[in-house]
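Participant: The following block contains the structure, expressed as structure tokens.
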Amino acid sequence: MTSSTPLQPNVQQRRAFWLRHLHQWHWISAAVSLMAMLLFAATGITLNHSADIEAHPVVSKKSAQIPASLLATLTKKPAAELALPLALRDWLAQNTAISVGQQSAEWSPKEVYVALPRPGGDAWLRIELDSGMLEYEKTERGWIAYFNDLHKGRNTGGAWAWFLDFFAVACLIFCLTGLFLLQMHAGNRPATWPVVALGLVLPLLLAIVFIH
């Protein structure tokens, strides 16, 4: 008995050390991922019932005449260069409020076509190379479709993809620190591991029995 008592303070110190750091990382990861987790939980419901949610797409169209000087840059453009010229992109943004960025274009002898997919909708731009006529069409399917596409990372660009990776790491930290905290407090909470086992077994049973 006397030989084991000096170790007890060290055990308590180690436990206090891990509890302090686990709690710290647990609340930090929770705070960082809170709003995104609420977004993904809500859109998980809307995606699961997407067939029951009626959408009302709104289509808007624009047309314009490309100036001859800018049209000449299109007719001389090598086929290997896929994006629209910078001068034309600036003109579109200033005169038609159309933003195409670095989006690749499809070049043919008669026209240039730019697909502009976006979260919650779609758009496209077409320029006739002989006349310089521009056609633009945008379809918006509403806020629910927009947030659903954010959930899926559909047509959201590189910045949102990096955010999804960051959010996933924060969720992993939140879950793993929570698991270790459960383990450290399980001695005082007999229902801990049965509830954890239920959370593991229930989705497995549903997948095995109902998903084929």
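Labels for the structure tokens follow display order: chains A, B, ..., residues from 1 in each chain, ligands from 1.
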Give me every alpha helix (DSSP H) residue in segment 101-168 of chain A, going by DSSP on the backbone, as a list of chain:residue names.
Facilitator: A:Trp143, A:Ile144, A:Ala145, A:Tyr146, A:Phe147, A:Asn148, A:Asp149, A:Leu150, A:His151, A:Lys152, A:Gly157, A:Gly158, A:Ala159, A:Trp160, A:Ala161, A:Trp162, A:Phe163, A:Leu164, A:Asp165, A:Phe166, A:Phe167, A:Ala168
Participant: Excluding segment 142-155 of chain A and residues on its chain fewer than 2 positions from it, collect all residues at most 6 Å away from it, counting only C-alpha atoms, and give them as number ranges by chain.
Facilitator: A: 40, 43, 118-120, 140, 157
Participant: Which segment 135-197 of chain A residues have any atom within 6 Å of an atom of segment 17-39 of chain A, and for each, what is the nearest pair of atoms with distance in Å to one decimal, counting only C-alpha atoms, rows sorted by chain and number, as a Markdown table?
Facilitator:
```
| residue | atom | partner | partner_atom | distance |
| --- | --- | --- | --- | --- |
| A:Ala170 | CA | A:Ser29 | CA | 5.1 |
| A:Phe174 | CA | A:His26 | CA | 5.2 |
| A:Thr177 | CA | A:His26 | CA | 5.6 |
```
Participant: List the neighbours of segment 106-110 of chain A out to 9 Å using only C-alpha atoms; skip same-chain residues closer than 6 positions along the sequence, and give me the result as a list in words.
Facilitator: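 Within the cut-off, the hits are Thr75, Ala79, Leu82, Ala83, Ile127, Glu128, Leu129 and Asp130 of chain A.
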Participant: What are the closest atom pairs, with distances in Å to one decimal, for each residue of segment 96-195 of chain A lying within 12 Å of segment 201-211 of chain A, using only C-alpha atoms, rows by chain and rising residue number, as a tab-separated table?
Facilitator:
```
residue	atom	partner	partner_atom	distance
A:Trp193	CA	A:Val201	CA	11.9
A:Pro194	CA	A:Val201	CA	10.2
A:Val195	CA	A:Val201	CA	9.9
```
Participant: Can I get the selected residues back with C-alpha atoms, as a PDB file, in the first residue's frame?
Facilitator:
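That gives us again-v3.pdb:
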```
ATOM      1  CA  TRP A 193     -20.790   2.890 -23.592  1.00  0.00           C
ATOM      2  CA  PRO A 194     -24.256   1.367 -24.167  1.00  0.00           C
ATOM      3  CA  VAL A 195     -25.343   4.681 -25.712  1.00  0.00           C
TER       4      VAL A 195
END
```
Participant: Set the distance at 12 Å and use only C-alpha atoms: which residues neighbour Ser131 of chain A once local chain neighbours fewer than 5 positions away are removed? I'd like the list as a list of chain:residue names.
Facilitator: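 Residues meeting the cut-off are A:Ala64, A:Gln65, A:Ile66, A:Pro67, A:Ala68, A:Leu70, A:Leu71, A:Ala72, A:Leu74, A:Thr75, A:Lys110, A:Glu111, A:Val112, A:Arg126.
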Participant: Let's have the selection written as a compact mmCIF listing (two decimals), in the first residue's frame, with N, CA and C atoms.
Facilitator:
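Result went into result-v8.txt, see below:
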```txt
# COMPACT_ATOMS: atom_id res chain seq x y z
N ALA A 64 -26.66 41.55 -75.56
CA ALA A 64 -25.87 42.76 -75.77
C ALA A 64 -25.06 42.62 -77.05
N GLN A 65 -24.51 43.73 -77.50
CA GLN A 65 -23.66 43.74 -78.69
C GLN A 65 -22.22 43.98 -78.25
N ILE A 66 -21.33 43.04 -78.58
CA ILE A 66 -19.92 43.19 -78.24
C ILE A 66 -19.29 44.24 -79.15
N PRO A 67 -18.55 45.20 -78.62
CA PRO A 67 -17.87 46.18 -79.48
C PRO A 67 -16.92 45.49 -80.46
N ALA A 68 -16.76 46.12 -81.62
CA ALA A 68 -15.95 45.51 -82.67
C ALA A 68 -14.52 45.27 -82.23
N LEU A 70 -13.41 44.52 -79.25
CA LEU A 70 -13.34 43.33 -78.40
C LEU A 70 -13.65 42.07 -79.18
N LEU A 71 -14.55 42.19 -80.16
CA LEU A 71 -14.87 41.03 -80.99
C LEU A 71 -13.65 40.57 -81.77
N ALA A 72 -12.80 41.51 -82.18
CA ALA A 72 -11.59 41.15 -82.90
C ALA A 72 -10.66 40.30 -82.04
N LEU A 74 -11.59 38.11 -80.01
CA LEU A 74 -12.13 36.76 -79.99
C LEU A 74 -11.81 36.01 -81.28
N THR A 75 -11.96 36.69 -82.40
CA THR A 75 -11.73 36.02 -83.68
C THR A 75 -10.25 35.67 -83.87
N LYS A 110 -17.94 29.34 -85.15
CA LYS A 110 -19.06 30.28 -85.20
C LYS A 110 -19.35 30.99 -83.89
N GLU A 111 -18.97 30.39 -82.77
CA GLU A 111 -19.37 30.99 -81.50
C GLU A 111 -18.43 30.59 -80.37
N VAL A 112 -18.56 31.32 -79.27
CA VAL A 112 -17.87 31.01 -78.03
C VAL A 112 -18.96 30.76 -76.98
N ARG A 126 -23.21 32.95 -74.44
CA ARG A 126 -22.87 32.60 -75.82
C ARG A 126 -22.62 33.87 -76.62
```
Participant: Just list the residues in segment 28-139 of chain A DSSP gives strand (DSSP E) on the backbone, as number ranges by chain.
Facilitator: A: 58-65, 106-107, 111-115, 121-128, 133-139
Participant: Include N, CA and C atoms and write out the residues we just selected as a PDB file, in the first residue's frame.
Facilitator:
```pdb
ATOM      1  N   VAL A  58     -36.289  30.556 -61.324  1.00  0.00           N
ATOM      2  CA  VAL A  58     -36.461  31.884 -61.922  1.00  0.00           C
ATOM      3  C   VAL A  58     -35.384  32.047 -62.998  1.00  0.00           C
ATOM      4  N   VAL A  59     -35.826  32.295 -64.230  1.00  0.00           N
ATOM      5  CA  VAL A  59     -34.907  32.416 -65.359  1.00  0.00           C
ATOM      6  C   VAL A  59     -34.835  33.876 -65.796  1.00  0.00           C
ATOM      7  N   SER A  60     -33.620  34.383 -65.896  1.00  0.00           N
ATOM      8  CA  SER A  60     -33.414  35.743 -66.399  1.00  0.00           C
ATOM      9  C   SER A  60     -32.482  35.685 -67.607  1.00  0.00           C
ATOM     10  N   LYS A  61     -32.726  36.595 -68.563  1.00  0.00           N
ATOM     11  CA  LYS A  61     -31.947  36.596 -69.798  1.00  0.00           C
ATOM     12  C   LYS A  61     -31.425  38.000 -70.090  1.00  0.00           C
ATOM     13  N   LYS A  62     -30.277  38.045 -70.741  1.00  0.00           N
ATOM     14  CA  LYS A  62     -29.690  39.307 -71.173  1.00  0.00           C
ATOM     15  C   LYS A  62     -29.132  39.135 -72.584  1.00  0.00           C
ATOM     16  N   SER A  63     -29.083  40.224 -73.296  1.00  0.00           N
ATOM     17  CA  SER A  63     -28.435  40.230 -74.616  1.00  0.00           C
ATOM     18  C   SER A  63     -27.712  41.557 -74.778  1.00  0.00           C
ATOM     19  N   ALA A  64     -26.659  41.552 -75.563  1.00  0.00           N
ATOM     20  CA  ALA A  64     -25.865  42.762 -75.772  1.00  0.00           C
ATOM     21  C   ALA A  64     -25.055  42.616 -77.051  1.00  0.00           C
ATOM     22  N   GLN A  65     -24.508  43.728 -77.503  1.00  0.00           N
ATOM     23  CA  GLN A  65     -23.664  43.743 -78.686  1.00  0.00           C
ATOM     24  C   GLN A  65     -22.219  43.984 -78.254  1.00  0.00           C
ATOM     25  N   GLU A 106     -15.846  27.220 -74.478  1.00  0.00           N
ATOM     26  CA  GLU A 106     -15.828  26.268 -75.590  1.00  0.00           C
ATOM     27  C   GLU A 106     -15.803  27.077 -76.888  1.00  0.00           C
ATOM     28  N   TRP A 107     -14.744  26.854 -77.677  1.00  0.00           N
ATOM     29  CA  TRP A 107     -14.539  27.645 -78.884  1.00  0.00           C
ATOM     30  C   TRP A 107     -14.903  26.827 -80.115  1.00  0.00           C
ATOM     31  N   GLU A 111     -18.974  30.386 -82.765  1.00  0.00           N
ATOM     32  CA  GLU A 111     -19.369  30.991 -81.503  1.00  0.00           C
ATOM     33  C   GLU A 111     -18.429  30.595 -80.372  1.00  0.00           C
ATOM     34  N   VAL A 112     -18.560  31.321 -79.274  1.00  0.00           N
ATOM     35  CA  VAL A 112     -17.875  31.005 -78.026  1.00  0.00           C
ATOM     36  C   VAL A 112     -18.957  30.762 -76.976  1.00  0.00           C
ATOM     37  N   TYR A 113     -18.862  29.654 -76.290  1.00  0.00           N
ATOM     38  CA  TYR A 113     -19.869  29.294 -75.289  1.00  0.00           C
ATOM     39  C   TYR A 113     -19.170  29.100 -73.942  1.00  0.00           C
ATOM     40  N   VAL A 114     -19.736  29.721 -72.912  1.00  0.00           N
ATOM     41  CA  VAL A 114     -19.178  29.610 -71.564  1.00  0.00           C
ATOM     42  C   VAL A 114     -20.263  29.087 -70.631  1.00  0.00           C
ATOM     43  N   ALA A 115     -20.039  27.921 -70.058  1.00  0.00           N
ATOM     44  CA  ALA A 115     -20.952  27.388 -69.048  1.00  0.00           C
ATOM     45  C   ALA A 115     -20.586  27.986 -67.693  1.00  0.00           C
ATOM     46  N   GLY A 121     -28.259  27.014 -58.871  1.00  0.00           N
ATOM     47  CA  GLY A 121     -28.716  27.442 -60.184  1.00  0.00           C
ATOM     48  C   GLY A 121     -27.730  27.101 -61.284  1.00  0.00           C
ATOM     49  N   ASP A 122     -27.900  27.796 -62.379  1.00  0.00           N
ATOM     50  CA  ASP A 122     -27.049  27.550 -63.548  1.00  0.00           C
ATOM     51  C   ASP A 122     -27.061  28.813 -64.405  1.00  0.00           C
ATOM     52  N   ALA A 123     -26.075  28.924 -65.291  1.00  0.00           N
ATOM     53  CA  ALA A 123     -26.027  30.051 -66.216  1.00  0.00           C
ATOM     54  C   ALA A 123     -25.134  29.674 -67.390  1.00  0.00           C
ATOM     55  N   TRP A 124     -25.318  30.398 -68.486  1.00  0.00           N
ATOM     56  CA  TRP A 124     -24.453  30.193 -69.647  1.00  0.00           C
ATOM     57  C   TRP A 124     -24.373  31.502 -70.438  1.00  0.00           C
ATOM     58  N   LEU A 125     -23.298  31.609 -71.195  1.00  0.00           N
ATOM     59  CA  LEU A 125     -23.039  32.792 -72.016  1.00  0.00           C
ATOM     60  C   LEU A 125     -22.623  32.327 -73.411  1.00  0.00           C
ATOM     61  N   ARG A 126     -23.210  32.949 -74.438  1.00  0.00           N
ATOM     62  CA  ARG A 126     -22.869  32.597 -75.821  1.00  0.00           C
ATOM     63  C   ARG A 126     -22.622  33.868 -76.621  1.00  0.00           C
ATOM     64  N   ILE A 127     -21.527  33.870 -77.379  1.00  0.00           N
ATOM     65  CA  ILE A 127     -21.169  35.017 -78.218  1.00  0.00           C
ATOM     66  C   ILE A 127     -21.009  34.536 -79.657  1.00  0.00           C
ATOM     67  N   GLU A 128     -21.755  35.149 -80.566  1.00  0.00           N
ATOM     68  CA  GLU A 128     -21.625  34.824 -81.989  1.00  0.00           C
ATOM     69  C   GLU A 128     -20.413  35.564 -82.544  1.00  0.00           C
ATOM     70  N   MET A 133     -23.072  39.297 -81.318  1.00  0.00           N
ATOM     71  CA  MET A 133     -24.231  39.268 -80.425  1.00  0.00           C
ATOM     72  C   MET A 133     -23.952  38.355 -79.230  1.00  0.00           C
ATOM     73  N   LEU A 134     -24.360  38.845 -78.077  1.00  0.00           N
ATOM     74  CA  LEU A 134     -24.139  38.114 -76.832  1.00  0.00           C
ATOM     75  C   LEU A 134     -25.492  37.696 -76.264  1.00  0.00           C
ATOM     76  N   GLU A 135     -25.572  36.444 -75.836  1.00  0.00           N
ATOM     77  CA  GLU A 135     -26.750  35.926 -75.135  1.00  0.00           C
ATOM     78  C   GLU A 135     -26.311  35.377 -73.785  1.00  0.00           C
ATOM     79  N   TYR A 136     -27.114  35.694 -72.778  1.00  0.00           N
ATOM     80  CA  TYR A 136     -26.813  35.228 -71.420  1.00  0.00           C
ATOM     81  C   TYR A 136     -28.109  34.780 -70.761  1.00  0.00           C
ATOM     82  N   GLU A 137     -28.030  33.639 -70.097  1.00  0.00           N
ATOM     83  CA  GLU A 137     -29.212  33.134 -69.385  1.00  0.00           C
ATOM     84  C   GLU A 137     -28.797  32.604 -68.017  1.00  0.00           C
ATOM     85  N   LYS A 138     -29.556  32.988 -66.984  1.00  0.00           N
ATOM     86  CA  LYS A 138     -29.276  32.541 -65.624  1.00  0.00           C
ATOM     87  C   LYS A 138     -30.539  31.946 -65.011  1.00  0.00           C
ATOM     88  N   THR A 139     -30.383  30.796 -64.379  1.00  0.00           N
ATOM     89  CA  THR A 139     -31.485  30.120 -63.702  1.00  0.00           C
ATOM     90  C   THR A 139     -31.171  30.045 -62.213  1.00  0.00           C
TER      91      THR A 139
END
```
Participant: Would you mind listing what lies within 10 Å of Leu182 of chain A as a CSV table (one decimal) with C-alpha atoms, in the first residue's frame, with only C-alpha atoms counted and same-chain residues fewer than 5 positions away left out?
Facilitator:
```csv
chain,number,residue,atom,x,y,z
A,176,LEU,CA,-12.4,12.5,-31.1
A,177,THR,CA,-11.9,14.8,-28.1
A,187,GLY,CA,-16.6,5.4,-14.8
A,189,ARG,CA,-21.7,7.3,-16.1
A,192,THR,CA,-22.0,5.9,-21.6
A,193,TRP,CA,-20.8,2.9,-23.6
A,196,VAL,CA,-22.2,4.9,-27.8
```
Participant: Any idea what the distance is between atom CA of Cys171 of chain A and atom CA of Ser50 of chain A?
Facilitator: 25.1 Å
Participant: Taking into account only C-alpha atoms, which residue in the set A:Gly178, A:Gly132, A:Pro117, A:Pro190 is nearest to Thr156 of chain A?
Facilitator: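 For Thr156 of chain A, the nearest of the given residues is A:Pro117.
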